[in-house]
file entry.cif (mmCIF, C-alpha atoms; chains and numbers go by the auth columns)
data_structure
#
loop_
_atom_site.group_PDB
_atom_site.id
_atom_site.type_symbol
_atom_site.label_atom_id
_atom_site.label_comp_id
_atom_site.label_asym_id
_atom_site.label_seq_id
_atom_site.Cartn_x
_atom_site.Cartn_y
_atom_site.Cartn_z
_atom_site.B_iso_or_equiv
_atom_site.auth_seq_id
_atom_site.auth_asym_id
ATOM 1 C CA MET A 1 -16.060 5.350 14.224 0.00 9 I
ATOM 2 C CA ALA A 2 -18.837 3.856 12.099 0.00 10 I
ATOM 3 C CA LEU A 3 -16.597 4.013 9.015 0.00 11 I
ATOM 4 C CA LYS A 4 -13.789 2.246 10.862 0.00 12 I
ATOM 5 C CA LEU A 5 -16.100 -0.539 11.994 0.00 13 I
ATOM 6 C CA LEU A 6 -17.419 -0.809 8.447 0.00 14 I
ATOM 7 C CA LEU A 7 -13.833 -1.201 7.220 0.00 15 I
ATOM 8 C CA GLY A 8 -13.248 -3.927 9.815 0.00 16 I
ATOM 9 C CA VAL A 9 -16.275 -5.899 8.654 0.00 17 I
ATOM 10 C CA TRP A 10 -15.579 -5.108 4.971 0.00 18 I
ATOM 11 C CA MET A 11 -12.045 -6.518 5.031 0.00 19 I
ATOM 12 C CA ALA A 12 -13.181 -9.570 6.986 0.00 20 I
ATOM 13 C CA ALA A 13 -15.808 -10.143 4.270 0.00 21 I
ATOM 14 C CA VAL A 14 -13.114 -9.742 1.590 0.00 22 I
ATOM 15 C CA VAL A 15 -10.998 -12.423 3.292 0.00 23 I
ATOM 16 C CA VAL A 16 -13.945 -14.820 3.476 0.00 24 I
ATOM 17 C CA ALA A 17 -15.026 -14.064 -0.115 0.00 25 I
ATOM 18 C CA ALA A 18 -11.448 -14.491 -1.374 0.00 26 I
ATOM 19 C CA PHE A 19 -11.375 -18.069 -0.201 0.00 27 I
ATOM 20 C CA LEU A 20 -14.982 -19.196 -0.261 0.00 28 I
ATOM 21 C CA TYR A 21 -16.674 -17.162 -3.029 0.00 29 I
ATOM 22 C CA ALA A 22 -13.988 -16.821 -5.714 0.00 30 I
ATOM 23 C CA PRO A 23 -13.082 -20.118 -7.387 0.00 31 I
ATOM 24 C CA ALA A 24 -9.497 -21.029 -8.346 0.00 32 I
ATOM 25 C CA ALA A 25 -8.651 -19.160 -11.555 0.00 33 I
ATOM 26 C CA GLU A 26 -7.846 -21.133 -14.679 0.00 34 I
ATOM 27 C CA GLY A 27 -4.181 -21.377 -15.487 0.00 35 I
ATOM 28 C CA PHE A 28 -3.074 -20.633 -11.952 0.00 36 I
ATOM 29 C CA ARG A 29 -2.277 -22.971 -9.123 0.00 37 I
ATOM 30 C CA GLN A 30 -2.852 -20.435 -6.375 0.00 38 I
ATOM 31 C CA SER A 31 -4.392 -17.273 -7.733 0.00 39 I
ATOM 32 C CA ARG A 32 -6.208 -15.882 -4.686 0.00 40 I
ATOM 33 C CA ILE A 33 -3.158 -14.002 -3.496 0.00 41 I
ATOM 34 C CA ILE A 34 -3.962 -11.389 -6.155 0.00 42 I
ATOM 35 C CA PHE A 35 -6.772 -10.148 -3.889 0.00 43 I
ATOM 36 C CA PHE A 36 -4.068 -8.930 -1.528 0.00 44 I
ATOM 37 C CA HIS A 37 -1.069 -8.538 -3.827 0.00 45 I
ATOM 38 C CA VAL A 38 -2.641 -6.268 -6.455 0.00 46 I
ATOM 39 C CA PRO A 39 -4.441 -3.875 -4.014 0.00 47 I
ATOM 40 C CA ASN A 40 -1.204 -3.466 -2.023 0.00 48 I
ATOM 41 C CA ALA A 41 0.682 -2.465 -5.166 0.00 49 I
ATOM 42 C CA MET A 42 -2.148 -0.128 -6.197 0.00 50 I
ATOM 43 C CA VAL A 43 -2.322 1.577 -2.803 0.00 51 I
ATOM 44 C CA ALA A 44 1.481 2.028 -2.866 0.00 52 I
ATOM 45 C CA VAL A 45 1.150 3.930 -6.155 0.00 53 I
ATOM 46 C CA VAL A 46 -1.687 6.085 -4.726 0.00 54 I
ATOM 47 C CA ALA A 47 0.392 6.807 -1.609 0.00 55 I
ATOM 48 C CA PHE A 48 3.418 7.907 -3.649 0.00 56 I
ATOM 49 C CA ILE A 49 1.207 10.230 -5.703 0.00 57 I
ATOM 50 C CA VAL A 50 -0.283 11.700 -2.492 0.00 58 I
ATOM 51 C CA ALA A 51 3.280 12.184 -1.173 0.00 59 I
ATOM 52 C CA MET A 52 4.042 14.188 -4.315 0.00 60 I
ATOM 53 C CA ILE A 53 0.871 16.291 -3.990 0.00 61 I
ATOM 54 C CA TYR A 54 1.711 17.265 -0.401 0.00 62 I
ATOM 55 C CA ALA A 55 5.305 17.961 -1.465 0.00 63 I
ATOM 56 C CA VAL A 56 3.951 20.466 -4.006 0.00 64 I
ATOM 57 C CA GLN A 57 1.692 21.893 -1.292 0.00 65 I
ATOM 58 C CA TYR A 58 4.701 22.331 0.970 0.00 66 I
ATOM 59 C CA LEU A 59 6.721 24.161 -1.662 0.00 67 I
ATOM 60 C CA ARG A 60 3.786 26.491 -2.303 0.00 68 I
ATOM 61 C CA GLY A 61 2.826 27.249 1.312 0.00 69 I
ATOM 62 C CA LYS A 62 5.946 26.293 3.316 0.00 70 I
ATOM 63 C CA ARG A 63 3.802 24.759 6.030 0.00 71 I
ATOM 64 C CA LEU A 64 5.606 21.978 7.891 0.00 72 I
ATOM 65 C CA VAL A 65 2.395 19.998 8.299 0.00 73 I
ATOM 66 C CA ASP A 66 2.372 19.435 4.518 0.00 74 I
ATOM 67 C CA ASP A 67 5.928 18.129 4.723 0.00 75 I
ATOM 68 C CA ALA A 68 4.842 15.748 7.486 0.00 76 I
ATOM 69 C CA LYS A 69 1.911 14.547 5.383 0.00 77 I
ATOM 70 C CA SER A 70 4.165 14.003 2.381 0.00 78 I
ATOM 71 C CA ALA A 71 6.604 11.943 4.449 0.00 79 I
ATOM 72 C CA ILE A 72 3.778 9.952 6.053 0.00 80 I
ATOM 73 C CA SER A 73 2.316 9.078 2.664 0.00 81 I
ATOM 74 C CA ALA A 74 5.737 8.068 1.312 0.00 82 I
ATOM 75 C CA GLU A 75 6.234 5.920 4.399 0.00 83 I
ATOM 76 C CA LEU A 76 2.874 4.200 3.901 0.00 84 I
ATOM 77 C CA GLY A 77 3.646 3.792 0.188 0.00 85 I
ATOM 78 C CA LEU A 78 6.862 2.055 1.116 0.00 86 I
ATOM 79 C CA LEU A 79 4.982 -0.165 3.585 0.00 87 I
ATOM 80 C CA PHE A 80 2.407 -1.214 0.973 0.00 88 I
ATOM 81 C CA ALA A 81 5.138 -1.697 -1.659 0.00 89 I
ATOM 82 C CA VAL A 82 6.964 -4.030 0.733 0.00 90 I
ATOM 83 C CA LEU A 83 3.710 -5.938 1.317 0.00 91 I
ATOM 84 C CA ALA A 84 3.171 -6.209 -2.458 0.00 92 I
ATOM 85 C CA THR A 85 6.727 -7.507 -2.827 0.00 93 I
ATOM 86 C CA VAL A 86 6.377 -10.082 -0.057 0.00 94 I
ATOM 87 C CA THR A 87 3.036 -11.385 -1.352 0.00 95 I
ATOM 88 C CA GLY A 88 4.606 -11.408 -4.824 0.00 96 I
ATOM 89 C CA LEU A 89 7.539 -13.483 -3.563 0.00 97 I
ATOM 90 C CA VAL A 90 5.164 -16.128 -2.226 0.00 98 I
ATOM 91 C CA PHE A 91 3.117 -16.067 -5.414 0.00 99 I
ATOM 92 C CA ALA A 92 6.259 -16.384 -7.578 0.00 100 I
ATOM 93 C CA ARG A 93 7.484 -19.375 -5.568 0.00 101 I
ATOM 94 C CA VAL A 94 4.185 -21.214 -6.050 0.00 102 I
ATOM 95 C CA GLU A 95 3.468 -20.162 -9.616 0.00 103 I
ATOM 96 C CA TRP A 96 6.868 -19.933 -11.289 0.00 104 I
ATOM 97 C CA GLY A 97 8.918 -22.104 -8.936 0.00 105 I
ATOM 98 C CA SER A 98 11.325 -19.429 -7.777 0.00 106 I
ATOM 99 C CA TRP A 99 11.060 -16.631 -5.209 0.00 107 I
ATOM 100 C CA TRP A 100 12.611 -14.083 -7.546 0.00 108 I
ATOM 101 C CA ASN A 101 12.714 -14.226 -11.356 0.00 109 I
ATOM 102 C CA TRP A 102 13.911 -10.761 -12.419 0.00 110 I
ATOM 103 C CA ASP A 103 10.635 -10.229 -14.217 0.00 111 I
ATOM 104 C CA ALA A 104 10.169 -6.591 -15.314 0.00 112 I
ATOM 105 C CA ARG A 105 7.614 -5.968 -12.563 0.00 113 I
ATOM 106 C CA GLU A 106 9.860 -7.505 -9.927 0.00 114 I
ATOM 107 C CA SER A 107 12.837 -5.409 -11.015 0.00 115 I
ATOM 108 C CA SER A 108 10.600 -2.341 -11.149 0.00 116 I
ATOM 109 C CA ILE A 109 9.290 -2.678 -7.620 0.00 117 I
ATOM 110 C CA LEU A 110 12.838 -3.267 -6.375 0.00 118 I
ATOM 111 C CA MET A 111 13.913 0.003 -7.991 0.00 119 I
ATOM 112 C CA LEU A 112 10.876 1.747 -6.453 0.00 120 I
ATOM 113 C CA LEU A 113 11.730 0.418 -2.997 0.00 121 I
ATOM 114 C CA LEU A 114 15.269 1.754 -3.418 0.00 122 I
ATOM 115 C CA VAL A 115 14.053 5.157 -4.683 0.00 123 I
ATOM 116 C CA TYR A 116 11.772 5.627 -1.674 0.00 124 I
ATOM 117 C CA ALA A 117 14.234 4.124 0.814 0.00 125 I
ATOM 118 C CA ALA A 118 16.662 6.810 -0.408 0.00 126 I
ATOM 119 C CA TYR A 119 13.974 9.421 0.344 0.00 127 I
ATOM 120 C CA PHE A 120 14.097 8.441 4.015 0.00 128 I
ATOM 121 C CA ALA A 121 17.886 8.302 3.971 0.00 129 I
ATOM 122 C CA LEU A 122 17.776 11.887 2.691 0.00 130 I
ATOM 123 C CA ARG A 123 15.342 12.949 5.421 0.00 131 I
ATOM 124 C CA ALA A 124 17.526 11.374 8.079 0.00 132 I
ATOM 125 C CA ALA A 125 20.673 13.025 6.727 0.00 133 I
ATOM 126 C CA VAL A 126 19.473 16.658 6.641 0.00 134 I
ATOM 127 C CA ASP A 127 19.402 18.832 9.759 0.00 135 I
ATOM 128 C CA GLY A 128 16.905 21.653 10.196 0.00 136 I
ATOM 129 C CA ALA A 129 13.190 21.117 9.668 0.00 137 I
ATOM 130 C CA GLU A 130 12.799 23.656 6.865 0.00 138 I
ATOM 131 C CA ARG A 131 15.836 22.560 4.880 0.00 139 I
ATOM 132 C CA ARG A 132 14.830 18.927 5.273 0.00 140 I
ATOM 133 C CA ALA A 133 11.267 19.703 4.202 0.00 141 I
ATOM 134 C CA ALA A 134 12.363 21.615 1.095 0.00 142 I
ATOM 135 C CA LEU A 135 14.873 18.991 -0.060 0.00 143 I
ATOM 136 C CA SER A 136 12.453 16.132 0.667 0.00 144 I
ATOM 137 C CA ALA A 137 9.673 17.886 -1.228 0.00 145 I
ATOM 138 C CA VAL A 138 11.843 18.277 -4.320 0.00 146 I
ATOM 139 C CA TYR A 139 12.889 14.626 -4.056 0.00 147 I
ATOM 140 C CA ALA A 140 9.284 13.410 -3.577 0.00 148 I
ATOM 141 C CA ILE A 141 8.228 15.321 -6.695 0.00 149 I
ATOM 142 C CA ALA A 142 11.197 14.077 -8.746 0.00 150 I
ATOM 143 C CA ALA A 143 10.612 10.483 -7.568 0.00 151 I
ATOM 144 C CA ILE A 144 7.274 10.448 -9.367 0.00 152 I
ATOM 145 C CA ALA A 145 9.043 10.219 -12.746 0.00 153 I
ATOM 146 C CA PRO A 146 10.766 6.870 -12.038 0.00 154 I
ATOM 147 C CA MET A 147 7.612 5.700 -10.214 0.00 155 I
ATOM 148 C CA VAL A 148 5.426 6.261 -13.287 0.00 156 I
ATOM 149 C CA LEU A 149 8.131 4.931 -15.616 0.00 157 I
ATOM 150 C CA PHE A 150 8.619 1.706 -13.662 0.00 158 I
ATOM 151 C CA THR A 151 4.991 1.112 -12.771 0.00 159 I
ATOM 152 C CA PHE A 152 3.193 2.015 -15.966 0.00 160 I
ATOM 153 C CA VAL A 153 5.797 1.809 -18.742 0.00 161 I
ATOM 154 C CA VAL A 154 8.500 -0.750 -17.936 0.00 162 I
ATOM 155 C CA SER A 155 6.251 -3.159 -16.035 0.00 163 I
ATOM 156 C CA ALA A 156 3.266 -2.915 -18.299 0.00 164 I
ATOM 157 C CA GLN A 157 5.253 -3.274 -21.525 0.00 165 I
ATOM 158 C CA MET A 158 8.102 -5.606 -20.642 0.00 166 I
ATOM 159 C CA SER A 159 6.762 -8.040 -18.083 0.00 167 I
ATOM 160 C CA GLU A 160 6.904 -11.570 -19.457 0.00 168 I
ATOM 161 C CA LEU A 161 5.714 -13.513 -16.452 0.00 169 I
ATOM 162 C CA HIS A 162 3.020 -11.240 -15.026 0.00 170 I
ATOM 163 C CA PRO A 163 -0.350 -11.691 -16.712 0.00 171 I
ATOM 164 C CA LYS A 164 -1.612 -8.746 -18.752 0.00 172 I
ATOM 165 C CA GLY A 165 -5.130 -7.414 -19.261 0.00 173 I
ATOM 166 C CA THR A 166 -6.502 -9.133 -16.188 0.00 174 I
ATOM 167 C CA LEU A 167 -8.767 -6.273 -15.108 0.00 175 I
ATOM 168 C CA ILE A 168 -10.319 -5.159 -18.370 0.00 176 I
ATOM 169 C CA GLY A 169 -10.486 -6.573 -21.870 0.00 177 I
ATOM 170 C CA ARG A 170 -11.170 -9.907 -23.489 0.00 178 I
ATOM 171 C CA HIS A 171 -8.940 -11.907 -21.157 0.00 179 I
ATOM 172 C CA ALA A 172 -10.179 -10.173 -18.037 0.00 180 I
ATOM 173 C CA LEU A 173 -10.735 -12.139 -14.884 0.00 181 I
ATOM 174 C CA ARG A 174 -14.136 -13.664 -14.351 0.00 182 I
ATOM 175 C CA GLN A 175 -16.902 -11.783 -12.594 0.00 183 I
ATOM 176 C CA GLU A 176 -16.409 -13.307 -9.111 0.00 184 I
ATOM 177 C CA TYR A 177 -12.730 -12.404 -9.243 0.00 185 I
ATOM 178 C CA ARG A 178 -13.340 -8.825 -10.217 0.00 186 I
ATOM 179 C CA VAL A 179 -15.962 -8.330 -7.492 0.00 187 I
ATOM 180 C CA VAL A 180 -13.587 -9.549 -4.775 0.00 188 I
ATOM 181 C CA LEU A 181 -10.572 -7.758 -6.250 0.00 189 I
ATOM 182 C CA TYR A 182 -12.322 -4.377 -6.492 0.00 190 I
ATOM 183 C CA SER A 183 -13.734 -4.819 -2.984 0.00 191 I
ATOM 184 C CA ALA A 184 -10.229 -5.594 -1.702 0.00 192 I
ATOM 185 C CA MET A 185 -8.891 -2.501 -3.489 0.00 193 I
ATOM 186 C CA ALA A 186 -11.531 -0.335 -1.803 0.00 194 I
ATOM 187 C CA GLY A 187 -10.727 -1.956 1.546 0.00 195 I
ATOM 188 C CA PHE A 188 -6.972 -1.429 1.260 0.00 196 I
ATOM 189 C CA LEU A 189 -7.549 2.145 0.138 0.00 197 I
ATOM 190 C CA GLY A 190 -9.710 2.677 3.236 0.00 198 I
ATOM 191 C CA LEU A 191 -6.971 1.163 5.366 0.00 199 I
ATOM 192 C CA TYR A 192 -4.421 3.528 3.809 0.00 200 I
ATOM 193 C CA LEU A 193 -6.654 6.557 4.492 0.00 201 I
ATOM 194 C CA TRP A 194 -7.160 5.511 8.088 0.00 202 I
ATOM 195 C CA LEU A 195 -3.417 4.969 8.662 0.00 203 I
ATOM 196 C CA PHE A 196 -2.675 8.275 6.941 0.00 204 I
ATOM 197 C CA ARG A 197 -5.109 10.227 9.107 0.00 205 I
ATOM 198 C CA THR A 198 -3.940 8.623 12.343 0.00 206 I
ATOM 199 C CA ARG A 199 -0.274 9.213 11.511 0.00 207 I
ATOM 200 C CA THR A 200 -1.080 12.816 10.549 0.00 208 I
ATOM 201 C CA ALA A 201 -2.904 13.397 13.853 0.00 209 I
ATOM 202 C CA LEU A 202 0.115 12.020 15.685 0.00 210 I
ATOM 203 C CA ALA A 203 2.478 14.273 13.718 0.00 211 I
ATOM 204 C CA GLU A 204 0.311 17.301 14.621 0.00 212 I
ATOM 205 C CA VAL A 205 0.432 16.376 18.298 0.00 213 I
ATOM 206 C CA ARG A 206 4.231 16.072 18.061 0.00 214 I
ATOM 207 C CA MET A 207 4.510 19.479 16.388 0.00 215 I
ATOM 208 C CA LYS A 208 2.365 21.086 19.072 0.00 216 I
ATOM 209 C CA LEU A 209 4.429 19.527 21.854 0.00 217 I
ATOM 210 C CA ARG A 210 7.629 20.826 20.301 0.00 218 I
ATOM 211 C CA ARG A 211 6.224 24.322 20.055 0.00 219 I
ATOM 212 C CA TYR A 212 5.454 24.610 23.779 0.00 220 I
ATOM 213 C CA MET B 1 -12.745 -28.678 3.255 0.00 24 Q
ATOM 214 C CA PRO B 2 -11.195 -28.454 6.766 0.00 25 Q
ATOM 215 C CA GLY B 3 -8.020 -27.160 5.106 0.00 26 Q
ATOM 216 C CA LYS B 4 -10.032 -24.499 3.359 0.00 27 Q
ATOM 217 C CA ILE B 5 -11.694 -23.383 6.604 0.00 28 Q
ATOM 218 C CA ALA B 6 -8.272 -23.117 8.259 0.00 29 Q
ATOM 219 C CA LEU B 7 -7.115 -21.099 5.256 0.00 30 Q
ATOM 220 C CA VAL B 8 -9.939 -18.607 5.853 0.00 31 Q
ATOM 221 C CA ILE B 9 -9.576 -18.493 9.625 0.00 32 Q
ATOM 222 C CA ALA B 10 -5.825 -17.807 9.678 0.00 33 Q
ATOM 223 C CA PRO B 11 -5.966 -14.547 7.667 0.00 34 Q
ATOM 224 C CA LEU B 12 -9.170 -13.573 9.488 0.00 35 Q
ATOM 225 C CA ILE B 13 -7.383 -13.828 12.835 0.00 36 Q
ATOM 226 C CA VAL B 14 -4.506 -11.751 11.437 0.00 37 Q
ATOM 227 C CA TRP B 15 -6.922 -9.085 10.176 0.00 38 Q
ATOM 228 C CA VAL B 16 -8.994 -8.926 13.362 0.00 39 Q
ATOM 229 C CA GLY B 17 -5.789 -8.646 15.417 0.00 40 Q
ATOM 230 C CA LEU B 18 -4.443 -5.866 13.213 0.00 41 Q
ATOM 231 C CA PHE B 19 -7.811 -4.107 13.221 0.00 42 Q
ATOM 232 C CA LEU B 20 -8.115 -4.116 17.012 0.00 43 Q
ATOM 233 C CA TYR B 21 -4.527 -2.881 17.295 0.00 44 Q
ATOM 234 C CA LEU B 22 -5.298 -0.045 14.880 0.00 45 Q
ATOM 235 C CA LEU B 23 -8.443 0.884 16.824 0.00 46 Q
ATOM 236 C CA TRP B 24 -6.377 0.997 20.010 0.00 47 Q
ATOM 237 C CA ILE B 25 -3.715 3.249 18.432 0.00 48 Q
ATOM 238 C CA ASP B 26 -6.460 5.412 16.945 0.00 49 Q
ATOM 239 C CA ARG B 27 -8.001 5.920 20.389 0.00 50 Q
ATOM 240 C CA GLN B 28 -4.639 6.754 21.958 0.00 51 Q
ATOM 241 C CA VAL B 29 -3.927 9.380 19.307 0.00 52 Q
ATOM 242 C CA ARG B 30 -7.370 10.937 19.654 0.00 53 Q
ATOM 243 C CA GLU B 31 -6.948 11.198 23.422 0.00 54 Q
ATOM 244 C CA LEU B 32 -3.525 12.807 22.957 0.00 55 Q
ATOM 245 C CA ARG B 33 -5.034 15.346 20.632 0.00 56 Q
ATOM 246 C CA LYS B 34 -7.579 16.569 23.207 0.00 57 Q
#
call {"tool": "encode", "arguments": {"input": "entry.cif", "output": "structure tokens"}}
result
Amino acid sequence: MALKLLLGVWMAAVVVAAFLYAPAAEGFRQSRIIFFHVPNAMVAVVAFIVAMIYAVQYLRGKRLVDDAKSAISAELGLLFAVLATVTGLVFARVEWGSWWNWDARESSILMLLLVYAAYFALRAAVDGAERRAALSAVYAIAAIAPMVLFTFVVSAQMSELHPKGTLIGRHALRQEYRVVLYSAMAGFLGLYLWLFRTRTALAEVRMKLRRY
Amino acid sequence: MPGKIALVIAPLIVWVGLFLYLLWIDRQVRELRK
């Protein structure tokens, strides 16, 4: 409970700091959205990796709870990816004048959304918990390849509009920006963990109810 | 300045609302688990 309250206060502080502590960044008209846009994208990547880890766990132990955890993490990854896309749309409209510009990062996240939407289409299409779990696990593991390719190779190398080297290096963001951004990342990660644990608890309750 | 305050308050209200909703769901799930 104490951790949850801390998260509540932490994120409120991030919101206040984003607008009152961090100054407008040079070269941007509205740059503060990165405090929400970047952590959402980062948490989505973490969630997809966790989905893969639990998929591996399922294939090794064949425990349905691992399948549930994998699906929950993929679901949360999709949620955070959608949030990153929506905040990105707003940012693109303000910064580049158009909601969608087919920048490499934009195209990449669209592909990622489709890859993970297909994961849920697959889950919905297969009957039988064990068959569904096995097929989903293989898909969740295979989906990591396009995820890494789009997130870390295509986006990082080919993006023309998205700024590069903002976190580390010579052109990194100024101190105030990094403090707020890293705090927001920690906050969103905490939010993901909380959602993950609550959804997992709910899935366990559902499994128990089905058993009796 | 008033615009800036409004800019801070709007997302704060959204966050506090979401947070309270999450706490409520969290409590429901924990009760179910018992």
call {"tool": "resolve_selection", "arguments": {"input": "entry.cif", "expression": "the PyMOL selection byres ((chain I) within 10 of (chain Q))", "output": "VMD selection string"}}
result
chain I and resid 9 12 to 13 15 to 17 19 to 28 199 202 to 203 205 to 214 216
call {"tool": "axis_aligned_box", "arguments": {"input": "entry.cif", "around": "segment 86-99 of chain I", "padding_each_side": "5 Å", "output": "lines of an AutoDock Vina configuration file"}}
result
center_x = 5.0
center_y = -7.0
center_z = -0.9
size_x = 15.1
size_y = 28.2
size_z = 19.0
call {"tool": "atom_distance", "arguments": {"input": "entry.cif", "atom1": "atom CA of Val188 of chain I", "atom2": "atom CA of Ser39 of chain I"}}
result
12.4 Å
call {"tool": "closest_residue", "arguments": {"input": "entry.cif", "among": "I:Leu189, I:Leu84, I:Val162, I:Ile117", "to": "Leu97 of chain I", "atoms": "only C-alpha atoms"}}
result
I:Ile117
call {"tool": "resolve_selection", "arguments": {"input": "entry.cif", "expression": "the PyMOL selection byres ((chain I and resi 163) around 12)", "output": "MDAnalysis selection string"}}
result
chainID I and resid 110:120 154:162 164:172
call {"tool": "atom_distance", "arguments": {"input": "entry.cif", "atom1": "atom CA of Val46 of chain I", "atom2": "atom CA of Leu197 of chain I"}}
result
11.8 Å
call {"tool": "resolve_selection", "arguments": {"input": "entry.cif", "expression": "the PyMOL selection byres ((chain I and resi 143) around 10)", "output": "VMD selection string"}}
result
chain I and resid 63 67 127 130 to 131 134 138 to 142 144 to 148
call {"tool": "atom_distance", "arguments": {"input": "entry.cif", "atom1": "atom CA of Tyr124 of chain I", "atom2": "atom CA of Lys70 of chain I"}}
result
22.0 Å
call {"tool": "residues_near_point", "arguments": {"input": "entry.cif", "point": "(4.1, 15.9, 4.2)", "cutoff": "10 Å", "atoms": "only C-alpha atoms", "output": "number ranges by chain"}}
result
I: 58-66, 71-82, 141, 144-145, 148, 208, 211
call {"tool": "closest_residue", "arguments": {"input": "entry.cif", "among": "I:Leu181, I:Ala92, I:Leu14, I:Ile149", "to": "Ala194 of chain I", "atoms": "all atoms listed in the file"}}
result
I:Leu14
call {"tool": "build_atoms", "arguments": {"input": "entry.cif", "residues": "segment 37-57 of chain Q", "atoms": "N, CA and C atoms", "output": "JSON list (two decimals), keeping the file's coordinate frame"}}
result
[["chain", "number", "residue", "atom", "x", "y", "z"],
["Q", 37, "VAL", "N", -5.53, -12.79, 11.66],
["Q", 37, "VAL", "CA", -4.51, -11.75, 11.44],
["Q", 37, "VAL", "C", -5.19, -10.39, 11.26],
["Q", 38, "TRP", "N", -6.23, -10.36, 10.45],
["Q", 38, "TRP", "CA", -6.92, -9.09, 10.18],
["Q", 38, "TRP", "C", -7.58, -8.53, 11.43],
["Q", 39, "VAL", "N", -8.29, -9.40, 12.16],
["Q", 39, "VAL", "CA", -8.99, -8.93, 13.36],
["Q", 39, "VAL", "C", -7.97, -8.40, 14.38],
["Q", 40, "GLY", "N", -6.85, -9.09, 14.51],
["Q", 40, "GLY", "CA", -5.79, -8.65, 15.42],
["Q", 40, "GLY", "C", -5.27, -7.28, 15.02],
["Q", 41, "LEU", "N", -4.96, -7.14, 13.74],
["Q", 41, "LEU", "CA", -4.44, -5.87, 13.21],
["Q", 41, "LEU", "C", -5.47, -4.75, 13.39],
["Q", 42, "PHE", "N", -6.74, -5.09, 13.13],
["Q", 42, "PHE", "CA", -7.81, -4.11, 13.22],
["Q", 42, "PHE", "C", -7.97, -3.59, 14.65],
["Q", 43, "LEU", "N", -7.97, -4.52, 15.61],
["Q", 43, "LEU", "CA", -8.12, -4.12, 17.01],
["Q", 43, "LEU", "C", -6.92, -3.27, 17.45],
["Q", 44, "TYR", "N", -5.74, -3.64, 16.98],
["Q", 44, "TYR", "CA", -4.53, -2.88, 17.30],
["Q", 44, "TYR", "C", -4.62, -1.46, 16.74],
["Q", 45, "LEU", "N", -5.12, -1.36, 15.51],
["Q", 45, "LEU", "CA", -5.30, -0.04, 14.88],
["Q", 45, "LEU", "C", -6.32, 0.80, 15.64],
["Q", 46, "LEU", "N", -7.42, 0.16, 16.06],
["Q", 46, "LEU", "CA", -8.44, 0.88, 16.82],
["Q", 46, "LEU", "C", -7.85, 1.42, 18.12],
["Q", 47, "TRP", "N", -7.00, 0.61, 18.74],
["Q", 47, "TRP", "CA", -6.38, 1.00, 20.01],
["Q", 47, "TRP", "C", -5.45, 2.20, 19.79],
["Q", 48, "ILE", "N", -4.62, 2.13, 18.75],
["Q", 48, "ILE", "CA", -3.72, 3.25, 18.43],
["Q", 48, "ILE", "C", -4.53, 4.50, 18.12],
["Q", 49, "ASP", "N", -5.59, 4.31, 17.34],
["Q", 49, "ASP", "CA", -6.46, 5.41, 16.94],
["Q", 49, "ASP", "C", -7.01, 6.13, 18.18],
["Q", 50, "ARG", "N", -7.44, 5.34, 19.17],
["Q", 50, "ARG", "CA", -8.00, 5.92, 20.39],
["Q", 50, "ARG", "C", -6.95, 6.69, 21.18],
["Q", 51, "GLN", "N", -5.74, 6.09, 21.24],
["Q", 51, "GLN", "CA", -4.64, 6.75, 21.96],
["Q", 51, "GLN", "C", -4.34, 8.12, 21.34],
["Q", 52, "VAL", "N", -4.27, 8.14, 20.00],
["Q", 52, "VAL", "CA", -3.93, 9.38, 19.31],
["Q", 52, "VAL", "C", -5.02, 10.43, 19.52],
["Q", 53, "ARG", "N", -6.27, 9.98, 19.48],
["Q", 53, "ARG", "CA", -7.37, 10.94, 19.65],
["Q", 53, "ARG", "C", -7.38, 11.52, 21.06],
["Q", 54, "GLU", "N", -7.02, 10.69, 22.03],
["Q", 54, "GLU", "CA", -6.95, 11.20, 23.42],
["Q", 54, "GLU", "C", -5.80, 12.20, 23.56],
["Q", 55, "LEU", "N", -4.68, 11.90, 22.92],
["Q", 55, "LEU", "CA", -3.52, 12.81, 22.96],
["Q", 55, "LEU", "C", -3.87, 14.17, 22.38],
["Q", 56, "ARG", "N", -4.69, 14.13, 21.37],
["Q", 56, "ARG", "CA", -5.03, 15.35, 20.63],
["Q", 56, "ARG", "C", -5.88, 16.30, 21.47],
["Q", 57, "LYS", "N", -6.64, 15.74, 22.41],
["Q", 57, "LYS", "CA", -7.58, 16.57, 23.21],
["Q", 57, "LYS", "C", -6.86, 17.60, 24.07]]
